[in-house]
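Dropping data.txt in here (compact mmCIF, C-alpha atoms and all ligand atoms):
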# COMPACT_ATOMS: atom_id res chain seq x y z
CA MET X 1 28.43 -32.60 -11.16
CA ALA X 2 29.82 -31.83 -7.69
CA THR X 3 29.31 -28.23 -6.61
CA ARG X 4 32.51 -26.25 -6.53
CA SER X 5 33.40 -24.52 -3.30
CA PRO X 6 33.45 -20.73 -3.75
CA GLU X 7 36.43 -20.72 -1.40
CA ARG X 8 38.58 -23.19 -3.29
CA ILE X 9 42.04 -22.05 -4.23
CA LEU X 10 42.97 -22.67 -7.86
CA ILE X 11 46.61 -23.69 -8.30
CA HIS X 12 48.49 -23.44 -11.58
CA ALA X 13 52.13 -24.55 -11.20
CA PRO X 14 52.66 -27.00 -14.06
CA TYR X 15 56.43 -27.48 -13.84
CA GLY X 16 57.98 -29.72 -11.19
CA ARG X 17 56.04 -30.77 -8.06
CA ASP X 18 55.06 -27.32 -6.73
CA GLY X 19 51.38 -27.70 -7.60
CA ALA X 20 50.90 -31.05 -5.89
CA VAL X 21 52.94 -30.05 -2.81
CA ILE X 22 51.02 -26.82 -2.26
CA ALA X 23 47.71 -28.67 -2.68
CA GLN X 24 48.81 -31.16 0.02
CA VAL X 25 49.91 -28.39 2.39
CA LEU X 26 46.62 -26.56 1.96
CA GLU X 27 44.61 -29.73 2.40
CA ARG X 28 46.33 -30.41 5.73
CA ALA X 29 45.36 -26.87 6.79
CA GLY X 30 41.74 -27.56 5.85
CA ILE X 31 41.80 -25.36 2.75
CA VAL X 32 40.10 -26.70 -0.38
CA SER X 33 42.19 -26.39 -3.54
CA GLU X 34 42.16 -27.52 -7.12
CA VAL X 35 45.16 -27.98 -9.39
CA CYS X 36 44.67 -26.62 -12.92
CA PRO X 37 47.27 -28.07 -15.29
CA SER X 38 46.76 -25.46 -18.03
CA VAL X 39 45.97 -21.74 -18.28
CA PRO X 40 42.86 -22.33 -20.45
CA GLY X 41 41.70 -24.81 -17.74
CA LEU X 42 42.36 -22.21 -15.06
CA CYS X 43 40.44 -19.59 -17.05
CA GLU X 44 37.51 -21.96 -17.36
CA GLU X 45 37.51 -22.62 -13.61
CA LEU X 46 37.40 -18.87 -13.05
CA SER X 47 33.99 -18.72 -14.65
CA SER X 48 32.67 -20.11 -11.33
CA ASP X 49 33.44 -18.61 -7.93
CA ALA X 50 36.91 -19.17 -6.53
CA GLY X 51 38.57 -18.01 -3.31
CA ALA X 52 42.00 -17.18 -4.73
CA VAL X 53 44.53 -18.23 -7.36
CA ILE X 54 48.09 -19.47 -6.77
CA ILE X 55 50.16 -19.36 -9.89
CA ALA X 56 53.83 -20.05 -10.61
CA ASP X 57 55.58 -17.13 -12.27
CA GLU X 58 57.32 -19.31 -14.89
CA ALA X 59 53.89 -20.48 -16.13
CA LEU X 60 52.88 -16.94 -16.98
CA ARG X 61 53.87 -16.26 -20.57
CA SER X 62 52.77 -12.82 -21.78
CA SER X 63 49.85 -14.33 -23.74
CA ASN X 64 48.70 -16.05 -20.52
CA VAL X 65 48.99 -12.84 -18.53
CA GLU X 66 46.88 -11.15 -21.19
CA GLU X 67 44.21 -13.85 -21.14
CA LEU X 68 44.03 -14.02 -17.35
CA GLY X 69 44.11 -10.21 -17.15
CA ARG X 70 41.12 -10.00 -19.47
CA ILE X 71 39.12 -12.36 -17.25
CA LEU X 72 40.17 -10.71 -14.00
CA ASN X 73 39.43 -7.25 -15.36
CA SER X 74 35.93 -8.21 -16.30
CA GLN X 75 35.09 -9.17 -12.69
CA GLU X 76 31.96 -7.62 -11.23
CA SER X 77 32.34 -4.43 -9.20
CA TRP X 78 32.37 -6.25 -5.83
CA SER X 79 35.02 -8.79 -6.90
CA ASP X 80 38.81 -8.47 -6.66
CA LEU X 81 40.11 -12.04 -6.75
CA PRO X 82 43.44 -12.40 -4.90
CA VAL X 83 46.21 -13.81 -7.13
CA ILE X 84 49.29 -15.21 -5.38
CA VAL X 85 52.26 -15.39 -7.76
CA LEU X 86 55.15 -17.66 -6.73
CA THR X 87 58.38 -16.01 -7.82
CA ALA X 88 61.87 -17.39 -8.23
CA LYS X 89 64.45 -17.12 -5.47
CA GLY X 90 67.04 -14.34 -5.59
CA ASP X 91 67.65 -10.62 -5.53
CA PRO X 92 65.51 -8.57 -7.88
CA THR X 93 67.08 -7.78 -11.23
CA ASP X 94 65.92 -5.33 -13.91
CA TRP X 95 64.32 -8.22 -15.66
CA THR X 96 62.38 -9.45 -12.60
CA ARG X 97 61.27 -5.90 -11.80
CA HIS X 98 59.99 -5.53 -15.35
CA ARG X 99 58.41 -8.95 -15.07
CA PHE X 100 56.52 -8.11 -11.88
CA ARG X 101 55.29 -4.83 -13.36
CA SER X 102 53.94 -6.78 -16.33
CA LEU X 103 51.73 -8.76 -13.92
CA LYS X 104 49.75 -5.60 -13.09
CA PRO X 105 46.85 -6.54 -15.39
CA LEU X 106 46.14 -9.42 -13.00
CA GLY X 107 44.94 -6.88 -10.43
CA ASN X 108 45.10 -8.00 -6.81
CA VAL X 109 48.53 -9.66 -6.98
CA ILE X 110 50.58 -10.91 -4.00
CA LEU X 111 54.17 -12.00 -4.74
CA LEU X 112 55.64 -14.87 -2.69
CA GLU X 113 59.26 -15.89 -3.09
CA ARG X 114 60.22 -19.52 -3.30
CA PRO X 115 61.27 -21.78 -1.65
CA LEU X 116 57.97 -21.39 0.11
CA ARG X 117 57.69 -22.31 3.78
CA THR X 118 54.59 -24.26 4.70
CA GLU X 119 53.50 -21.56 7.17
CA THR X 120 53.93 -18.84 4.55
CA ALA X 121 51.80 -20.72 2.03
CA ILE X 122 49.05 -21.32 4.59
CA SER X 123 49.06 -17.83 6.06
CA ALA X 124 49.05 -16.14 2.61
CA SER X 125 46.19 -18.41 1.50
CA GLU X 126 44.17 -17.74 4.66
CA THR X 127 44.67 -13.97 4.32
CA ALA X 128 43.58 -14.13 0.68
CA LEU X 129 40.50 -16.18 1.60
CA ARG X 130 39.60 -13.81 4.40
CA ALA X 131 39.67 -10.88 1.96
CA ARG X 132 37.64 -12.91 -0.51
CA ARG X 133 35.01 -13.70 2.13
CA ARG X 134 34.58 -9.98 2.70
CA GLN X 135 34.04 -9.55 -1.02
CA TYR X 136 31.34 -12.23 -0.96
CA GLU X 137 29.69 -10.37 1.90
CA VAL X 138 29.66 -7.19 -0.19
CA ARG X 139 28.21 -9.18 -3.09
CA ASN X 140 25.39 -10.52 -0.91
CA LEU X 141 24.70 -7.08 0.47
CA LEU X 142 24.60 -5.61 -3.03
CA LYS X 143 22.27 -8.36 -4.14
CA SER X 144 19.84 -7.77 -1.30
CA LEU X 145 20.01 -4.02 -1.93
CA GLN X 146 19.22 -4.56 -5.59
CA GLU X 147 16.31 -6.83 -4.68
CA ALA X 148 14.96 -4.33 -2.17
CA ASN X 149 15.35 -1.59 -4.74
CA ALA X 150 13.48 -3.57 -7.38
CA GLU X 151 10.70 -4.28 -4.89
CA LEU X 152 10.51 -0.62 -3.96
CA THR X 153 10.38 0.43 -7.60
CA ALA X 154 7.56 -2.02 -8.24
CA THR X 155 5.64 -0.83 -5.17
CA ASN X 156 6.19 2.78 -6.17
CA GLN X 157 4.90 2.04 -9.62
CA GLU X 158 1.81 0.39 -8.17
CA LEU X 159 1.21 3.40 -5.95
CA GLU X 160 1.65 5.72 -8.93
CA GLU X 161 -0.90 3.69 -10.86
CA PHE X 162 -3.24 3.77 -7.89
CA ALA X 163 -2.92 7.54 -7.41
CA TYR X 164 -3.46 8.09 -11.11
CA ALA X 165 -6.49 5.81 -11.34
CA ALA X 166 -7.99 7.13 -8.11
CA SER X 167 -7.55 10.81 -8.94
CA HIS X 168 -8.84 10.20 -12.45
CA ASP X 169 -11.80 7.97 -11.63
CA LEU X 170 -12.97 9.94 -8.59
CA GLN X 171 -13.42 13.10 -10.61
CA GLU X 172 -16.64 12.05 -12.29
CA PRO X 173 -18.55 10.95 -9.15
CA LEU X 174 -17.34 14.07 -7.39
CA ARG X 175 -18.61 16.22 -10.25
CA MET X 176 -22.02 14.57 -9.81
CA VAL X 177 -21.94 15.17 -6.04
CA ASN X 178 -21.05 18.79 -6.72
CA ILE X 179 -23.84 19.35 -9.27
CA TYR X 180 -26.56 17.67 -7.19
CA THR X 181 -25.60 19.23 -3.84
CA GLN X 182 -25.66 22.63 -5.55
CA MET X 183 -29.06 21.81 -7.01
CA ILE X 184 -30.50 20.54 -3.72
CA ILE X 185 -29.04 23.39 -1.69
CA GLY X 186 -30.09 25.97 -4.30
CA GLN X 187 -33.68 24.74 -4.28
CA ALA X 188 -33.99 24.31 -0.54
CA MET X 189 -31.81 27.21 0.65
CA SER X 190 -34.61 29.70 1.24
CA GLY X 191 -36.47 27.21 3.48
CA LEU X 192 -33.41 26.28 5.60
CA ASP X 193 -32.68 27.63 9.05
CA SER X 194 -29.35 29.42 9.53
CA GLU X 195 -27.60 26.41 11.17
CA THR X 196 -28.49 24.08 8.28
CA ARG X 197 -27.42 26.75 5.78
CA LYS X 198 -24.05 26.90 7.49
CA CYS X 199 -23.77 23.11 7.17
CA ALA X 200 -24.77 23.31 3.50
CA THR X 201 -21.98 25.85 2.90
CA PHE X 202 -19.47 23.49 4.57
CA VAL X 203 -20.59 20.66 2.28
CA GLN X 204 -20.11 22.89 -0.79
CA ARG X 205 -16.69 24.02 0.40
CA GLY X 206 -15.66 20.46 1.13
CA VAL X 207 -16.66 19.31 -2.33
CA LYS X 208 -14.82 22.24 -3.93
CA ARG X 209 -11.68 21.46 -1.93
CA MET X 210 -11.83 17.81 -2.93
CA GLU X 211 -12.18 18.81 -6.56
CA THR X 212 -9.09 21.02 -6.36
CA LEU X 213 -7.11 18.30 -4.60
CA LEU X 214 -8.08 15.64 -7.12
CA HIS X 215 -7.33 17.96 -9.99
CA ASP X 216 -3.83 18.71 -8.63
CA LEU X 217 -3.17 15.05 -7.80
CA LEU X 218 -4.05 14.14 -11.34
CA ARG X 219 -1.66 16.80 -12.63
CA PHE X 220 1.03 15.30 -10.39
CA SER X 221 0.36 11.75 -11.65
CA ARG X 222 0.28 12.90 -15.26
CA VAL X 223 3.90 14.04 -15.12
CA VAL X 224 4.88 10.38 -14.89
CA HIS X 225 2.16 9.10 -17.18
CA SER X 226 2.82 11.59 -19.95
CA GLU X 227 4.68 10.35 -23.01
CA SER X 228 8.42 10.85 -22.86
CA PRO X 229 9.13 14.56 -23.06
CA CYS X 230 8.86 16.07 -26.50
CA ALA X 231 11.60 18.58 -26.90
CA THR X 232 11.62 21.89 -28.73
CA ASP X 233 14.51 24.31 -28.57
CA GLN X 234 12.55 27.49 -27.72
CA CYS X 235 10.88 25.55 -24.99
CA LEU X 236 11.62 27.77 -21.99
CA ASP X 237 10.59 31.02 -23.67
CA ASP X 238 7.43 29.46 -25.05
CA ALA X 239 6.66 27.75 -21.75
CA PHE X 240 7.11 31.02 -19.86
CA ARG X 241 4.84 32.89 -22.31
CA GLU X 242 2.22 30.16 -22.01
CA SER X 243 2.24 30.43 -18.21
CA LEU X 244 1.82 34.23 -18.46
CA THR X 245 -1.26 33.73 -20.62
CA ILE X 246 -2.76 31.31 -18.11
CA LEU X 247 -2.04 33.65 -15.18
CA ARG X 248 -2.90 36.90 -16.96
CA THR X 249 -5.93 37.84 -14.85
CA ARG X 250 -4.13 37.14 -11.58
CA ILE X 251 -1.07 39.10 -12.70
CA GLU X 252 -3.23 42.09 -13.65
CA GLU X 253 -5.27 41.94 -10.45
CA SER X 254 -2.18 41.83 -8.26
CA GLY X 255 -0.42 44.63 -10.18
CA ALA X 256 2.71 42.47 -10.29
CA SER X 257 5.72 43.41 -12.37
CA ILE X 258 7.38 40.46 -14.06
CA THR X 259 10.81 40.90 -15.64
CA ASN X 260 12.38 38.27 -17.85
CA ARG X 261 16.13 38.87 -18.06
CA GLY X 262 16.52 36.13 -20.66
CA LEU X 263 15.94 32.41 -20.86
CA PRO X 264 18.35 30.11 -22.69
CA ARG X 265 17.53 28.10 -25.78
CA VAL X 266 17.51 24.55 -24.51
CA LEU X 267 15.73 21.42 -25.61
CA CYS X 268 12.93 20.57 -23.22
CA ASP X 269 9.26 19.76 -23.01
CA GLN X 270 7.29 22.97 -23.34
CA ALA X 271 4.01 21.70 -21.87
CA GLN X 272 5.78 20.45 -18.75
CA PHE X 273 7.97 23.51 -18.23
CA SER X 274 4.93 25.72 -18.69
CA GLN X 275 3.58 23.98 -15.57
CA VAL X 276 6.83 24.69 -13.73
CA PHE X 277 6.63 28.41 -14.53
CA GLU X 278 2.92 28.47 -13.80
CA ASN X 279 3.44 26.96 -10.34
CA LEU X 280 6.40 29.16 -9.46
CA LEU X 281 4.81 32.39 -10.74
CA SER X 282 1.46 31.54 -9.20
CA ASN X 283 3.18 30.99 -5.81
CA ALA X 284 5.12 34.25 -6.17
CA LEU X 285 1.77 36.00 -6.67
CA LYS X 286 0.00 34.08 -3.93
CA TYR X 287 2.68 34.41 -1.22
CA ARG X 288 3.19 38.13 -1.78
CA LYS X 289 3.35 40.73 0.99
CA ALA X 290 0.08 42.58 1.28
CA ASP X 291 1.75 46.00 1.45
CA ARG X 292 4.19 45.49 -1.42
CA GLN X 293 3.82 45.44 -5.18
CA PRO X 294 4.86 41.93 -6.23
CA ARG X 295 8.08 42.02 -8.26
CA ILE X 296 9.14 38.84 -9.97
CA VAL X 297 12.40 38.50 -11.88
CA LEU X 298 13.45 35.60 -14.09
CA PHE X 299 17.12 35.14 -14.87
CA SER X 300 19.42 32.40 -16.13
CA GLU X 301 23.06 31.45 -15.91
CA LYS X 302 25.18 28.82 -17.67
CA ARG X 303 26.75 26.44 -15.15
CA GLY X 304 28.99 23.72 -16.58
CA ASN X 305 26.90 21.50 -18.79
CA HIS X 306 23.54 22.84 -17.68
CA TRP X 307 21.58 26.07 -17.40
CA MET X 308 20.32 27.39 -14.11
CA ILE X 309 17.06 29.33 -14.16
CA GLY X 310 16.02 31.55 -11.24
CA VAL X 311 12.59 32.91 -10.32
CA LYS X 312 12.94 35.59 -7.66
CA ASP X 313 10.09 37.23 -5.77
CA ASN X 314 9.79 39.87 -3.06
CA GLY X 315 7.07 38.04 -1.14
CA ILE X 316 6.64 36.78 2.40
CA GLY X 317 9.46 34.22 2.15
CA PHE X 318 10.06 31.58 4.83
CA GLU X 319 12.82 30.18 6.98
CA GLN X 320 15.52 28.42 4.99
CA LYS X 321 15.22 25.30 7.19
CA TYR X 322 11.97 24.47 5.32
CA ALA X 323 13.63 24.73 1.90
CA GLU X 324 13.65 20.98 1.24
CA LYS X 325 10.41 20.11 2.92
CA ILE X 326 8.19 22.27 0.71
CA PHE X 327 8.99 20.17 -2.37
CA GLY X 328 7.31 17.17 -0.73
CA LEU X 329 3.77 16.17 -1.62
CA PHE X 330 1.10 17.98 0.49
CA LYS X 331 3.75 19.95 2.40
CA ARG X 332 2.58 23.50 3.18
CA LEU X 333 4.02 26.17 5.44
CA HIS X 334 1.17 28.68 5.31
CA ARG X 335 -1.67 26.28 5.75
CA ASP X 336 -4.54 28.42 6.98
CA GLU X 337 -3.70 31.83 5.59
CA TYR X 338 -3.47 30.89 1.91
CA PRO X 339 -5.46 28.48 -0.25
CA GLY X 340 -3.57 25.59 -1.82
CA THR X 341 -3.01 21.84 -1.93
CA GLY X 342 0.75 21.52 -1.38
CA ILE X 343 1.17 19.74 -4.71
CA GLY X 344 2.51 22.52 -6.98
CA LEU X 345 6.17 22.34 -5.98
CA ALA X 346 6.10 18.53 -5.92
CA ILE X 347 4.98 18.72 -9.57
CA CYS X 348 7.84 21.14 -10.37
CA LYS X 349 10.36 18.79 -8.73
CA ARG X 350 9.07 15.82 -10.69
CA ILE X 351 9.19 17.61 -14.00
CA VAL X 352 12.64 19.09 -13.46
CA GLU X 353 14.18 15.85 -12.17
CA ARG X 354 12.55 13.80 -14.89
CA GLN X 355 14.37 15.93 -17.42
CA GLY X 356 17.71 15.52 -15.67
CA GLY X 357 17.74 18.73 -13.59
CA LYS X 358 17.52 19.82 -9.95
CA ILE X 359 15.32 22.30 -8.14
CA TRP X 360 15.92 24.20 -4.90
CA VAL X 361 15.05 27.43 -3.15
CA GLU X 362 16.69 30.16 -1.10
CA SER X 363 14.40 32.21 1.09
CA GLU X 364 14.23 34.55 4.03
CA PRO X 365 11.09 35.59 5.93
CA ASP X 366 9.78 38.96 4.69
CA ARG X 367 12.55 39.26 2.09
CA GLY X 368 11.23 36.96 -0.59
CA SER X 369 12.31 33.71 -2.18
CA THR X 370 14.33 32.65 -5.20
CA PHE X 371 13.49 29.31 -6.74
CA TYR X 372 16.22 27.79 -8.92
CA PHE X 373 16.05 24.90 -11.32
CA THR X 374 18.50 23.45 -13.83
CA VAL X 375 18.04 22.14 -17.34
CA PRO X 376 20.81 20.13 -19.02
CA GLU X 377 22.45 21.68 -22.05
CA PRO X 378 21.59 19.61 -25.14
CA GLU X 379 24.53 17.52 -26.37
CA ALA X 380 26.24 18.89 -29.45
CA HIS X 381 25.70 16.69 -32.52
P1 LIG F 401 0.54 25.27 -2.34
O1 LIG F 401 0.95 26.63 -2.81
O2 LIG F 401 -0.63 24.74 -3.06
O3 LIG F 401 0.40 25.21 -0.86
P2 LIG F 401 3.13 24.34 -3.28
O4 LIG F 401 3.62 22.94 -3.38
O5 LIG F 401 3.13 25.16 -4.51
O6 LIG F 401 1.68 24.23 -2.65
O7 LIG F 401 4.00 25.07 -2.18
C1 LIG F 401 4.27 24.43 -0.95
C2 LIG F 401 4.45 25.45 0.16
O8 LIG F 401 5.67 26.18 -0.05
C3 LIG F 401 3.37 26.50 0.19
O9 LIG F 401 2.25 26.05 0.92
C4 LIG F 401 4.08 27.68 0.85
O10 LIG F 401 4.04 27.51 2.26
C5 LIG F 401 5.53 27.53 0.39
N1 LIG F 401 5.84 28.39 -0.76
C6 LIG F 401 5.87 28.04 -2.04
N2 LIG F 401 6.23 29.07 -2.84
C7 LIG F 401 6.46 30.12 -2.02
C8 LIG F 401 6.87 31.47 -2.24
N3 LIG F 401 7.13 31.96 -3.44
N4 LIG F 401 7.00 32.25 -1.12
C9 LIG F 401 6.75 31.78 0.11
N5 LIG F 401 6.36 30.50 0.38
C10 LIG F 401 6.21 29.69 -0.68
Starting from the file, give its structure as structure tokens.
Ligand code: ADP
Amino acid sequence: MATRSPERILIHAPYGRDGAVIAQVLERAGIVSEVCPSVPGLCEELSSDAGAVIIADEALRSSNVEELGRILNSQESWSDLPVIVLTAKGDPTDWTRHRFRSLKPLGNVILLERPLRTETAISASETALRARRRQYEVRNLLKSLQEANAELTATNQELEEFAYAASHDLQEPLRMVNIYTQMIIGQAMSGLDSETRKCATFVQRGVKRMETLLHDLLRFSRVVHSESPCATDQCLDDAFRESLTILRTRIEESGASITNRGLPRVLCDQAQFSQVFENLLSNALKYRKADRQPRIVLFSEKRGNHWMIGVKDNGIGFEQKYAEKIFGLFKRLHRDEYPGTGIGLAICKRIVERQGGKIWVESEPDRGSTFYFTVPEPEAH
């Protein structure tokens, strides 16, 4: 079967000689066209690409308008096929006005009054084809974007798998390195000169740091690898309590006061949100001002169809221009002064976004920070 040109103009003008004449005019202008004697035939042709449609008004009974409208309305998002309707000569009457309004379901309609001059037919067809060509360009662009997106998703997935496998599988050999270096250094320490002892301490520190990094990386990868979130409706309260238990010693040592002004009952994954609270509270404790008792306040607010939770501290804060950056993997502002891996907030972001929310921060140096995150309100059943 011959391939159909995506720029062919489909003509449906079954009464008189209009159809054949227009086809001849277009052919002379170098425009490919195809005469469709019936509306079902025209509809069938529309299942392949076409540049435009020229249709005689008298051929459009209301059932035909409906059928064509259905096809034209189901076009893909990039497509808006131009439809040129040839109207009868004469001043508009109530009936013709009503008639033209009834053609609205056909979408991108251009009305041309007969008798049609050759130049008018050609220029209207060329304009329609030009618009159609632009639509094809958008289609191609969309297609390449979708392909690039799919490729990126696949690559991302591979990287996720790699990070997960690497952080998981490297733990065991590192544990061995840790145990045996400790053993060797422990046994030989007394016989080592001070320079070698210093080196031995660096080795131990390095191994410890790698262990922490791998542990946090694994936590980060697990957010994606965990089963789909299992939701319980006391989740935030329970998650918050769980994080307090985990951080109890650090809270007591720092003398921090933690006030919970109320968390909403929403459906979410407790284990994951416990990590969010743990990271945010642990940072509020870590980045505290040395001369100030740490005060941390939790609060919540209903905003549209989601809840916003805030965790406010009175710590060292930072300049607001870094507010987005710190949610990136390995991004740290206080690199040398405080221990850390730069993974905690990236984990929070992953968890919150995975459950349909957002996370952000407002901060000022010396005046503390407030981290906000949202959790969607469960749909009413
Ligand atoms: P880590 O604390 O391990 O460095 P995070 O991802 O938890 O990693 O935080 C990233 C960076 O954001 C931190 O290194 C710190 O510079 C900054 N930060 C996070 N929380 C706070 C906070 N409550 N106050 C001040 N700075 C913070």
- Distance in Å - CA of Ile343 in chain X versus CA of Glu253 in chain X: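 It comes out at 23.8 Å.
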- Task: Give me the residues within 10 Å of Ile22 in chain X as a list in words, counting only C-alpha atoms and dropping any in the same chain fewer than 2 places off.
- Result: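 With the cut-off at 10 Å, the set is Ile11, Ala13, Arg17, Asp18, Gly19, Ala20, Gln24, Val25, Leu26, Glu27, Arg28, Ser33, Val35, Ile54, Leu116, Thr118, Ala121 and Ile122 of chain X.
Taking CA of Asp238 in chain X as the reference point, CA of Ala284 in chain X is found at 19.6 Å.
Taking all atoms listed in the file into account, ligand LIG 401 (chain F) lies nearest to X:Asn279 out of the set X:Asp336, X:Asp291, X:Glu377, X:Asn279.
Among the candidate residues X:Ser38, X:Gln157, X:Ser79, X:Ser300, the one lying nearest to Gly107 in chain X is X:Ser79, with distances computed using all atoms listed in the file.
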